[in-house]
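Have a look at the structure below before the remarks.
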Amino acid sequence: MERLVEAVFFPCRNAKHGCTEKLFHGKELVDHEKECDGFVCYCPVPFCDYAGFDKNLYYHFTVCHKANYCSGFRTGQYVDVDVPVNMKETMLILQEYNHGPLVILQAFKGPDGLYVTANLLAAPCASRGWKFGYDLTCWRGNVEFTDTINEMNRIQRLSFETPGVKSMFIPYPFLDESLVVKMEIRISRIKMRRKKITKKKMRSNNILYHICCSRSLS
């Protein structure tokens, strides 16, 4: 009988990425898979087709690519980065130590200047207890450009579309086509506040508990 029941359930199509859910075929499975797809992230390394949930992806990156494609960072500390000016698109990958999250720093050449942005490679819908922001600074002679983002965008895969609002803009007159832009980035890890349970809510929960106990005893 147990085998018959198991046969009725179908694994999620993301089982290969680590999902362990098994559901009835139909709307329940379709709805779950649609939501589950939002948690799958893709390796940013060119020609690597690995995909998985973020923690699995971070471990994969550490083992397979970190030595060749990445610089490490610790939250709260500045990291020096060099961004080539004469390339249409530039990508730099930063990873927090100990198989930590991946931050993708990208630069794009626009019609009037260089756009620089950083994104967290993580599922946008994941409700984890941490969020990341960053401070980005660069110099050109005596001119300093700074950009502070309180919370990074989360992305599931690398994109080479020109960034929107959350980006630093450096006009071409301040750039030298023969050089790289010297920058510093400091990534901050901010713990999200947990919702506080008010005394009123706690009191209502206690009343509900006593009511349930009274009914079970009667």
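Identifiers in this document derive from the order of the structure tokens: chains are assigned A, B, ..., residues are numbered from 1 separately in each chain, and ligands are numbered from 1 in order of occurrence.
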
**Report entry** For Gly52 (chain A): contacts at 6 Å, only C-alpha atoms, fewer than 4 positions along chain excluded, given as a PyMOL selection string
**Finding:** chain A and resi 17+40-41+56-57

Residues from last step as file, all heavy atoms, as a PDB file, in the first residue's frame:
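The result, stored in result.pdb:
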ATOM      1  N   HIS A  17      18.450  19.749  -8.724  1.00  0.00           N
ATOM      2  CA  HIS A  17      19.097  20.898  -8.094  1.00  0.00           C
ATOM      3  C   HIS A  17      19.036  20.842  -6.576  1.00  0.00           C
ATOM      4  O   HIS A  17      19.553  21.730  -5.906  1.00  0.00           O
ATOM      5  CB  HIS A  17      18.448  22.193  -8.570  1.00  0.00           C
ATOM      6  CG  HIS A  17      18.511  22.403 -10.053  1.00  0.00           C
ATOM      7  ND1 HIS A  17      19.651  22.148 -10.783  1.00  0.00           N
ATOM      8  CD2 HIS A  17      17.568  22.826 -10.944  1.00  0.00           C
ATOM      9  CE1 HIS A  17      19.425  22.418 -12.060  1.00  0.00           C
ATOM     10  NE2 HIS A  17      18.165  22.818 -12.180  1.00  0.00           N
ATOM     11  N   VAL A  40      16.279  28.705  -8.157  1.00  0.00           N
ATOM     12  CA  VAL A  40      17.417  28.132  -8.881  1.00  0.00           C
ATOM     13  C   VAL A  40      18.301  29.250  -9.423  1.00  0.00           C
ATOM     14  O   VAL A  40      17.821  30.165 -10.092  1.00  0.00           O
ATOM     15  CB  VAL A  40      16.941  27.229 -10.040  1.00  0.00           C
ATOM     16  CG1 VAL A  40      18.146  26.683 -10.804  1.00  0.00           C
ATOM     17  CG2 VAL A  40      16.091  26.084  -9.506  1.00  0.00           C
ATOM     18  N   CYS A  41      19.596  29.178  -9.126  1.00  0.00           N
ATOM     19  CA  CYS A  41      20.561  30.160  -9.606  1.00  0.00           C
ATOM     20  C   CYS A  41      21.543  29.482 -10.559  1.00  0.00           C
ATOM     21  O   CYS A  41      21.753  28.269 -10.495  1.00  0.00           O
ATOM     22  CB  CYS A  41      21.322  30.784  -8.438  1.00  0.00           C
ATOM     23  SG  CYS A  41      20.263  31.706  -7.291  1.00  0.00           S
ATOM     24  N   ASN A  56      24.280  25.506  -2.778  1.00  0.00           N
ATOM     25  CA  ASN A  56      24.943  24.500  -3.603  1.00  0.00           C
ATOM     26  C   ASN A  56      25.789  25.158  -4.682  1.00  0.00           C
ATOM     27  O   ASN A  56      26.891  24.695  -5.009  1.00  0.00           O
ATOM     28  CB  ASN A  56      23.915  23.565  -4.239  1.00  0.00           C
ATOM     29  CG  ASN A  56      23.152  22.755  -3.215  1.00  0.00           C
ATOM     30  OD1 ASN A  56      23.633  22.540  -2.099  1.00  0.00           O
ATOM     31  ND2 ASN A  56      21.958  22.324  -3.555  1.00  0.00           N
ATOM     32  N   LEU A  57      25.271  26.252  -5.244  1.00  0.00           N
ATOM     33  CA  LEU A  57      26.015  26.972  -6.277  1.00  0.00           C
ATOM     34  C   LEU A  57      27.286  27.589  -5.707  1.00  0.00           C
ATOM     35  O   LEU A  57      28.345  27.534  -6.343  1.00  0.00           O
ATOM     36  CB  LEU A  57      25.129  28.067  -6.882  1.00  0.00           C
ATOM     37  CG  LEU A  57      25.812  29.006  -7.882  1.00  0.00           C
ATOM     38  CD1 LEU A  57      26.357  28.218  -9.073  1.00  0.00           C
ATOM     39  CD2 LEU A  57      24.862  30.085  -8.348  1.00  0.00           C
TER      40      LEU A  57
END

Requested in this report: Pick out the residues sitting within 10 Å of Cys70 (chain A), and hand them over as a PyMOL selection string; count only C-alpha atoms, and ignore anything fewer than 2 positions along from it in its own chain.
Outcome: chain A and resi 45+61-62+65-68+72-73+92-95+102-104

Report task. Quick one: pull the distance between CA of Phe145 (chain A) and CA of Phe108 (chain A), Å, one decimal. Result ->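 Taking CA of Phe145 (chain A) and CA of Phe108 (chain A), their separation equals 16.2 Å.
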
Query - From A:Cys138, A:Val181, A:Ile170, A:Leu121, residue lying nearest Asn153 (chain A) [only C-alpha atoms] - result: A:Leu121

Residues of region 130-165 of chain A that have any atom at most 10 Å from an atom of region 74-77 of chain A: could you tabulate them with the shortest-distance atom pair and the distance in Å to one decimal, using only C-alpha atoms, ordered by chain and increasing number, as JSON lines?
{"residue": "A:Phe132", "atom": "CA", "partner": "A:Thr75", "partner_atom": "CA", "distance": 9.0}
{"residue": "A:Gly133", "atom": "CA", "partner": "A:Thr75", "partner_atom": "CA", "distance": 9.7}
{"residue": "A:Tyr134", "atom": "CA", "partner": "A:Gly76", "partner_atom": "CA", "distance": 9.0}
{"residue": "A:Asp135", "atom": "CA", "partner": "A:Gly76", "partner_atom": "CA", "distance": 9.7}

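For region 68-110 of chain A, backbone-based DSSP assignment of strand (DSSP E) covers A:Cys70, A:Ser71, A:Gly72, A:Phe73, A:Tyr78, A:Val79, A:Asp80, A:Val81, A:Asp82, A:Val83, A:Pro84, A:Glu89, A:Thr90, A:Met91, A:Leu92, A:Ile93, A:Leu94, A:Gln95, A:Glu96, A:Leu102, A:Val103, A:Ile104, A:Leu105, A:Gln106, A:Ala107, A:Phe108, A:Lys109.
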
Any chance you could export the current selection's C-alpha atoms as a CSV table (one decimal), in the first residue's frame?
chain,number,residue,atom,x,y,z
A,70,CYS,CA,37.3,35.1,-8.3
A,71,SER,CA,38.6,37.4,-5.5
A,72,GLY,CA,37.6,36.9,-1.9
A,73,PHE,CA,36.0,39.4,0.4
A,78,TYR,CA,37.5,47.2,1.4
A,79,VAL,CA,38.6,45.2,-1.7
A,80,ASP,CA,40.6,46.8,-4.5
A,81,VAL,CA,39.2,46.1,-8.0
A,82,ASP,CA,40.5,47.1,-11.4
A,83,VAL,CA,37.9,47.8,-14.2
A,84,PRO,CA,39.2,48.0,-17.8
A,89,GLU,CA,31.4,44.8,-20.8
A,90,THR,CA,33.4,43.7,-17.8
A,91,MET,CA,32.5,41.2,-15.1
A,92,LEU,CA,34.3,40.6,-11.8
A,93,ILE,CA,33.2,37.9,-9.3
A,94,LEU,CA,33.7,38.3,-5.6
A,95,GLN,CA,33.0,35.6,-3.1
A,96,GLU,CA,32.8,35.8,0.7
A,102,LEU,CA,28.8,35.5,-4.8
A,103,VAL,CA,28.7,39.2,-5.7
A,104,ILE,CA,28.9,40.1,-9.4
A,105,LEU,CA,30.6,43.5,-10.2
A,106,GLN,CA,29.9,44.6,-13.7
A,107,ALA,CA,30.9,47.6,-15.8
A,108,PHE,CA,29.1,48.7,-19.0
A,109,LYS,CA,30.1,51.3,-21.6

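Those residues in region 8-106 of chain A carrying a DSSP assignment of alpha helix (DSSP H), computed from the backbone, are A:Val8, A:Lys27, A:Glu28, A:Leu29, A:Val30, A:Asp31, A:His32, A:Glu33, A:Lys34, A:Glu35, A:Cys36, A:Asp54, A:Lys55, A:Asn56, A:Leu57, A:Tyr58, A:Tyr59, A:His60, A:Phe61, A:Thr62, A:Val63, A:Cys64, A:Lys66, A:Ala67, A:Asn68, A:Tyr69.
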